[in-house]
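J.: Quick one: the structure is below, questions incoming.
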Amino acid sequence: MNLIKTRILIVGCNGLLGQALVNYYSKRKDVELHLASIEDAFVGNNQFTYTKIDITKRNEVKKLILDFVPDYIINAAAYTDVDGCETNRELAWNINVNGVKYLVEGCRIVDAKLVHLSTDFIFDGQNGPYHEDDKPNPISYYGRTKFASENEIKIGGIPFLIIRTNVLYGIQKGVKKDFVEWVVENLSQNKHINVVTDQWNNPTYVEDLVNGITLAIDKRKNGIYNIGGLEYLSRYDFAIKIAEVFDLDKSLINKTTTDKLNQKAKRPLRGGVIILKAQAELGYKPRTIQENLEGIKKKLLDL
Ligand SMILES: NC(=O)c1ccc[n+]([C@@H]2O[C@H](COP(=O)([O-])OP(=O)(O)OC[C@H]3O[C@@H](n4cnc5c(N)ncnc54)[C@H](OP(=O)(O)O)[C@@H]3O)[C@@H](O)[C@H]2O)c1
């Protein structure tokens with residue numbers, strides 16, 4: 001008997017989340033996968049069909065979607081450099097908003113569901129962590145683009161899932177270093193680092209995020225779901241946990257505050273996402289930071 005496979009298009013497959021999604025779906029026999037991103041090829045093994053695509057090009061997006069006719073499009077592509085978005089505003093809007101609008105248009109033509117990633121940066125960080133129905137008030141241009149992308153989807157007349165997450169960590173090929181790798185690399189070289197005590201989140205291990213996203217898809221959910229980590233803590237305390245698990249010198253970590261960093265974009269200070277809805281409705285069960293860091297340590301030692 002022929003199994004009817006679910007057709008899933010992963011856009012942004014070369015990013016931190018994109019690669020983790022490919023890794024997961026490559027083991028699912030009930031899924032037919034097609035990959036797309038802006039680079040010339042997929043960074044992992046080439047057992048999958050791949051299309052080089054720039055989501056700011058409406059015709060490229062339309063052609064890709066009409067050629068593959070997906071049941072689901074997972075959009076893991078974005079301009080994620082928060083300070084870069086502050087200065088390169090036109091590019092940020094093109095990728096994070098117009099790109100999403102073109103994906104929505106494609107979904108409408110082929111009746112696909114769009115699964116889109118959003119962020120706690122749509123909030124101002126005055127009183128996080130945030131519920132799904134809290135009122136957004138972005139304080140950075142990146143946050144504005146991500147909020148606008150959510151609105152493009154909500155008014156798009158398509159079935160959708162918006163997954164909001166925060167402070168992703170995990171190891172993948174060729175992506176910019178995550179916070180864990182940055183801390184480990186500096187402390188291993190006996191370099192001092194300054195880490196803020198006033199930014200609070202619930203850091204999200206990329207494999208937990210994949211688990212949350214795929215549960216929501218499999219359970220045919222719609223609407224907004226927060227997917228984050230179990231523990232709510234300051235960035236400084238996160239760095240301390242990393243040093244402890246990797247047996248590195250904690251005294252190299254200096255405390256600082258956000259106002260001393262002079263970053264181009266403002267950061268929400270009390271950010272983070274409340275994950276109760278995902279726990280209750282999806283059976284989402286993230287692991288602790290300790291468990292995840294130990295997993296990363298093992299992965300790095302095996303490399
Ligand atoms: N990372 C976090 O802490 C975090 C937190 C909350 C929410 N999110 C959201 O989660 C999603 C995934 O984040 P991530 O950290 O996995 O991102 P990432 O590692 O930066 O990956 C994004 C991917 O999209 C690609 N891309 C950029 N512009 C494109 C375009 N015009 N057309 C096609 N592909 C394009 C990037 O290519 P290049 O690298 O070559 O530009 C990259 O491969 C994003 O929507 C992000 O906003 C992330």
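Convention: chains lettered A, B, ... in structure tokens order; per-chain residue numbering from 1; ligands numbered from 1 as shown.
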To check your reading of the model: which residues sit at most 6 Å from ligand 1 when counting only C-alpha atoms and all ligand atoms? Write the answer as a PyMOL selection string.
T.: chain A and resi 12+14-18+37-39+53-56+76-80+95+117-119+165-168+175
J.: DSSP on the backbone, helix (DSSP H, G or I) only: what residues of range 71-289 of chain A does that give? Format it as a PyMOL selection string.
T.: chain A and resi 82-87+89-110+120-122+141-154+179-188+206-218+235-245+250-252+258-260+276-282+289
J.: Closest to Leu103 in chain A among A:Asn75, A:Thr257, A:Ser140, A:Asn186, using only C-alpha atoms?
T.: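 For Leu103 in chain A, the nearest of the given residues is A:Asn75.
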J.: What lies within 9 Å of Tyr24 in chain A using only C-alpha atoms, ignoring chain neighbours under 5 positions off, as a list in words?
T.: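 Final neighbour list, sorted by chain and number: Gln19, Glu207, Val210 and Asn211 of chain A.
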J.: Could you pull the residues within 7 Å of range 263-278 of chain A, counting only C-alpha atoms, minus those fewer than 4 positions along the same chain, as a PyMOL selection string?
T.: chain A and resi 82-83+86+120-121+123-131+139-140+165-166+198-202+225-228+282-284
J.: Let me see the file: selected residues, N, CA and C atoms, as a PDB file, in the first residue's frame.
T.:
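Printed below is part.pdb as written:
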ATOM      1  N   VAL A  82      19.636  41.496  14.957  1.00  0.00           N
ATOM      2  CA  VAL A  82      18.779  42.531  15.557  1.00  0.00           C
ATOM      3  C   VAL A  82      19.377  43.934  15.358  1.00  0.00           C
ATOM      4  N   ASP A  83      20.679  44.072  15.550  1.00  0.00           N
ATOM      5  CA  ASP A  83      21.297  45.393  15.347  1.00  0.00           C
ATOM      6  C   ASP A  83      21.382  45.736  13.854  1.00  0.00           C
ATOM      7  N   GLU A  86      18.298  47.312  12.572  1.00  0.00           N
ATOM      8  CA  GLU A  86      18.112  48.706  12.995  1.00  0.00           C
ATOM      9  C   GLU A  86      18.663  49.665  11.932  1.00  0.00           C
ATOM     10  N   ASP A 120       9.793  36.937  21.002  1.00  0.00           N
ATOM     11  CA  ASP A 120       9.382  37.806  22.116  1.00  0.00           C
ATOM     12  C   ASP A 120       9.806  39.263  21.881  1.00  0.00           C
ATOM     13  N   PHE A 121      10.609  39.512  20.841  1.00  0.00           N
ATOM     14  CA  PHE A 121      11.002  40.901  20.531  1.00  0.00           C
ATOM     15  C   PHE A 121       9.829  41.728  19.986  1.00  0.00           C
ATOM     16  N   PHE A 123       7.454  42.291  21.842  1.00  0.00           N
ATOM     17  CA  PHE A 123       6.999  42.940  23.085  1.00  0.00           C
ATOM     18  C   PHE A 123       8.051  43.938  23.573  1.00  0.00           C
ATOM     19  N   ASP A 124       7.619  44.821  24.487  1.00  0.00           N
ATOM     20  CA  ASP A 124       8.564  45.861  24.945  1.00  0.00           C
ATOM     21  C   ASP A 124       9.448  45.423  26.116  1.00  0.00           C
ATOM     22  N   GLY A 125       9.142  44.257  26.714  1.00  0.00           N
ATOM     23  CA  GLY A 125       9.997  43.776  27.798  1.00  0.00           C
ATOM     24  C   GLY A 125       9.779  44.511  29.114  1.00  0.00           C
ATOM     25  N   GLN A 126       8.628  45.154  29.253  1.00  0.00           N
ATOM     26  CA  GLN A 126       8.323  45.819  30.526  1.00  0.00           C
ATOM     27  C   GLN A 126       7.885  44.816  31.586  1.00  0.00           C
ATOM     28  N   ASN A 127       7.155  43.782  31.161  1.00  0.00           N
ATOM     29  CA  ASN A 127       6.593  42.854  32.154  1.00  0.00           C
ATOM     30  C   ASN A 127       6.460  41.419  31.640  1.00  0.00           C
ATOM     31  N   GLY A 128       7.517  40.951  30.959  1.00  0.00           N
ATOM     32  CA  GLY A 128       7.502  39.566  30.502  1.00  0.00           C
ATOM     33  C   GLY A 128       7.735  38.604  31.643  1.00  0.00           C
ATOM     34  N   PRO A 129       7.651  37.289  31.437  1.00  0.00           N
ATOM     35  CA  PRO A 129       7.387  36.649  30.155  1.00  0.00           C
ATOM     36  C   PRO A 129       5.939  36.831  29.704  1.00  0.00           C
ATOM     37  N   TYR A 130       5.720  36.575  28.410  1.00  0.00           N
ATOM     38  CA  TYR A 130       4.457  36.944  27.768  1.00  0.00           C
ATOM     39  C   TYR A 130       3.599  35.738  27.383  1.00  0.00           C
ATOM     40  N   HIS A 131       2.283  35.943  27.535  1.00  0.00           N
ATOM     41  CA  HIS A 131       1.286  34.995  27.023  1.00  0.00           C
ATOM     42  C   HIS A 131       1.063  35.245  25.532  1.00  0.00           C
ATOM     43  N   ILE A 139      10.061  47.406  20.419  1.00  0.00           N
ATOM     44  CA  ILE A 139      10.907  48.581  20.679  1.00  0.00           C
ATOM     45  C   ILE A 139      12.141  48.587  19.784  1.00  0.00           C
ATOM     46  N   SER A 140      12.259  47.591  18.897  1.00  0.00           N
ATOM     47  CA  SER A 140      13.375  47.563  17.932  1.00  0.00           C
ATOM     48  C   SER A 140      12.776  47.418  16.534  1.00  0.00           C
ATOM     49  N   THR A 165       9.143  32.230  19.827  1.00  0.00           N
ATOM     50  CA  THR A 165      10.177  31.656  20.663  1.00  0.00           C
ATOM     51  C   THR A 165      11.138  32.746  21.123  1.00  0.00           C
ATOM     52  N   ASN A 166      12.182  32.356  21.864  1.00  0.00           N
ATOM     53  CA  ASN A 166      13.158  33.366  22.316  1.00  0.00           C
ATOM     54  C   ASN A 166      14.512  32.718  22.588  1.00  0.00           C
ATOM     55  N   ASP A 198      20.436  42.191  33.381  1.00  0.00           N
ATOM     56  CA  ASP A 198      19.088  42.769  33.348  1.00  0.00           C
ATOM     57  C   ASP A 198      18.245  42.330  32.149  1.00  0.00           C
ATOM     58  N   GLN A 199      18.733  41.349  31.356  1.00  0.00           N
ATOM     59  CA  GLN A 199      17.883  40.783  30.287  1.00  0.00           C
ATOM     60  C   GLN A 199      17.471  39.373  30.705  1.00  0.00           C
ATOM     61  N   TRP A 200      16.172  39.203  30.810  1.00  0.00           N
ATOM     62  CA  TRP A 200      15.629  37.917  31.292  1.00  0.00           C
ATOM     63  C   TRP A 200      14.807  37.235  30.196  1.00  0.00           C
ATOM     64  N   ASN A 201      15.037  35.937  30.033  1.00  0.00           N
ATOM     65  CA  ASN A 201      14.292  35.151  29.035  1.00  0.00           C
ATOM     66  C   ASN A 201      14.203  33.703  29.497  1.00  0.00           C
ATOM     67  N   ASN A 202      13.506  32.890  28.683  1.00  0.00           N
ATOM     68  CA  ASN A 202      13.598  31.441  28.888  1.00  0.00           C
ATOM     69  C   ASN A 202      14.244  30.822  27.649  1.00  0.00           C
ATOM     70  N   TYR A 225       1.273  29.861  19.148  1.00  0.00           N
ATOM     71  CA  TYR A 225       1.787  29.059  20.266  1.00  0.00           C
ATOM     72  C   TYR A 225       3.164  29.573  20.668  1.00  0.00           C
ATOM     73  N   ASN A 226       3.373  29.741  21.970  1.00  0.00           N
ATOM     74  CA  ASN A 226       4.699  30.045  22.489  1.00  0.00           C
ATOM     75  C   ASN A 226       5.456  28.742  22.712  1.00  0.00           C
ATOM     76  N   ILE A 227       6.676  28.701  22.203  1.00  0.00           N
ATOM     77  CA  ILE A 227       7.547  27.549  22.468  1.00  0.00           C
ATOM     78  C   ILE A 227       8.871  28.085  23.002  1.00  0.00           C
ATOM     79  N   GLY A 228       9.136  27.803  24.276  1.00  0.00           N
ATOM     80  CA  GLY A 228      10.374  28.291  24.893  1.00  0.00           C
ATOM     81  C   GLY A 228      10.927  27.266  25.848  1.00  0.00           C
ATOM     82  N   LEU A 282      -0.388  20.814  23.559  1.00  0.00           N
ATOM     83  CA  LEU A 282       0.448  20.025  22.639  1.00  0.00           C
ATOM     84  C   LEU A 282       1.162  18.878  23.338  1.00  0.00           C
ATOM     85  N   GLY A 283       1.210  18.934  24.679  1.00  0.00           N
ATOM     86  CA  GLY A 283       2.039  17.952  25.394  1.00  0.00           C
ATOM     87  C   GLY A 283       3.512  18.272  25.212  1.00  0.00           C
ATOM     88  N   TYR A 284       3.807  19.563  25.046  1.00  0.00           N
ATOM     89  CA  TYR A 284       5.201  20.012  24.850  1.00  0.00           C
ATOM     90  C   TYR A 284       5.978  19.867  26.159  1.00  0.00           C
TER      91      TYR A 284
END
J.: Nearest residue to Phe160 in chain A out of A:Val206, A:Leu230, A:Val97, A:Ile73, using only C-alpha atoms?
T.: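 Among the listed residues, the smallest separation from Phe160 in chain A belongs to A:Ile73.
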J.: Between A:Arg89, A:Lys285, A:Val184, A:Leu303, which has the minimum distance to Glu244 in chain A (counting only C-alpha atoms)?
T.: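 Using only C-alpha atoms, Glu244 in chain A sits closest to A:Val184.
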J.: One decimal, Å: what's the distance from CA of Ala216 in chain A over to CA of Gln279 in chain A, could you say?
T.: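 That distance, rounded to one decimal, is 10.8 Å.
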J.: Would you return as a PyMOL selection string the members of range 49-235 of chain A that DSSP assigns to strand (DSSP E or B) on this structure's backbone?
T.: chain A and resi 49-52+72-75+113-119+130+160-165+168-169+193-196+200-201+204-205+223-226+233-234
J.: For the residues selected in the previous step, produce a file with N, CA and C atoms as a compact mmCIF listing (two decimals), in the first residue's frame.
T.:
# COMPACT_ATOMS: atom_id res chain seq x y z
N THR A 49 15.82 17.37 -2.18
CA THR A 49 15.72 18.32 -3.27
C THR A 49 15.80 19.72 -2.66
N TYR A 50 16.48 20.62 -3.36
CA TYR A 50 16.77 21.95 -2.82
C TYR A 50 16.58 23.00 -3.91
N THR A 51 16.01 24.13 -3.53
CA THR A 51 15.91 25.27 -4.44
C THR A 51 16.55 26.49 -3.79
N LYS A 52 17.47 27.11 -4.54
CA LYS A 52 18.03 28.38 -4.05
C LYS A 52 16.97 29.46 -4.26
N TYR A 72 2.43 21.98 3.79
CA TYR A 72 2.90 22.92 4.82
C TYR A 72 4.14 23.64 4.32
N ILE A 73 4.22 24.93 4.63
CA ILE A 73 5.49 25.66 4.46
C ILE A 73 5.93 26.07 5.85
N ILE A 74 7.15 25.67 6.22
CA ILE A 74 7.70 26.15 7.50
C ILE A 74 8.71 27.24 7.16
N ASN A 75 8.43 28.45 7.64
CA ASN A 75 9.33 29.55 7.32
C ASN A 75 10.30 29.80 8.46
N LYS A 113 -0.69 25.29 4.55
CA LYS A 113 -0.67 25.96 5.85
C LYS A 113 0.73 26.56 6.06
N LEU A 114 0.76 27.80 6.55
CA LEU A 114 2.06 28.43 6.82
C LEU A 114 2.40 28.32 8.30
N VAL A 115 3.59 27.80 8.56
CA VAL A 115 4.10 27.72 9.94
C VAL A 115 5.24 28.72 10.01
N HIS A 116 5.05 29.75 10.80
CA HIS A 116 5.98 30.88 10.78
C HIS A 116 6.58 31.10 12.17
N LEU A 117 7.85 31.51 12.20
CA LEU A 117 8.51 31.72 13.48
C LEU A 117 8.51 33.19 13.85
N SER A 118 8.12 33.46 15.09
CA SER A 118 8.16 34.83 15.58
C SER A 118 8.91 34.85 16.92
N THR A 119 8.84 35.97 17.60
CA THR A 119 9.79 36.22 18.69
C THR A 119 9.18 37.05 19.82
N TYR A 130 5.72 36.58 28.41
CA TYR A 130 4.46 36.94 27.77
C TYR A 130 3.60 35.74 27.38
N PHE A 160 -2.84 28.94 9.46
CA PHE A 160 -1.46 29.25 9.88
C PHE A 160 -1.20 28.83 11.32
N LEU A 161 0.10 28.67 11.58
CA LEU A 161 0.60 28.54 12.94
C LEU A 161 1.68 29.60 13.09
N ILE A 162 1.59 30.42 14.13
CA ILE A 162 2.70 31.34 14.44
C ILE A 162 3.32 30.81 15.73
N ILE A 163 4.60 30.48 15.64
CA ILE A 163 5.30 29.93 16.80
C ILE A 163 6.25 31.02 17.31
N ARG A 164 5.97 31.50 18.52
CA ARG A 164 6.86 32.53 19.09
C ARG A 164 7.87 31.86 20.02
N THR A 165 9.14 32.23 19.83
CA THR A 165 10.18 31.66 20.66
C THR A 165 11.14 32.75 21.12
N LEU A 168 17.33 31.40 21.02
CA LEU A 168 17.59 30.03 20.55
C LEU A 168 19.03 29.63 20.82
N TYR A 169 19.25 28.41 21.26
CA TYR A 169 20.63 27.92 21.34
C TYR A 169 20.70 26.50 20.79
N ILE A 193 34.45 37.82 29.73
CA ILE A 193 33.29 38.26 28.95
C ILE A 193 32.37 39.08 29.86
N ASN A 194 31.69 40.05 29.25
CA ASN A 194 30.71 40.85 29.99
C ASN A 194 29.31 40.37 29.62
N VAL A 195 28.53 40.01 30.63
CA VAL A 195 27.19 39.47 30.35
C VAL A 195 26.15 40.22 31.19
N VAL A 196 25.05 40.55 30.52
CA VAL A 196 24.05 41.40 31.19
C VAL A 196 23.24 40.64 32.25
N TRP A 200 16.17 39.20 30.81
CA TRP A 200 15.63 37.92 31.29
C TRP A 200 14.81 37.24 30.20
N ASN A 201 15.04 35.94 30.03
CA ASN A 201 14.29 35.15 29.03
C ASN A 201 14.20 33.70 29.50
N THR A 204 15.79 28.80 24.63
CA THR A 204 15.11 27.67 23.99
C THR A 204 16.11 26.82 23.22
N TYR A 205 16.21 25.57 23.60
CA TYR A 205 17.10 24.66 22.86
C TYR A 205 16.43 24.33 21.53
N GLY A 223 -3.20 29.00 14.79
CA GLY A 223 -3.08 30.16 15.66
C GLY A 223 -1.67 30.32 16.24
N ILE A 224 -1.60 30.93 17.42
CA ILE A 224 -0.30 31.30 18.00
C ILE A 224 0.05 30.36 19.15
N TYR A 225 1.27 29.86 19.15
CA TYR A 225 1.79 29.06 20.27
C TYR A 225 3.16 29.57 20.67
N ASN A 226 3.37 29.74 21.97
CA ASN A 226 4.70 30.05 22.49
C ASN A 226 5.46 28.74 22.71
N LEU A 233 15.46 33.05 33.35
CA LEU A 233 16.64 33.50 34.09
C LEU A 233 17.35 34.63 33.34
N SER A 234 18.28 35.30 34.02
CA SER A 234 19.00 36.40 33.36
C SER A 234 20.08 35.80 32.46
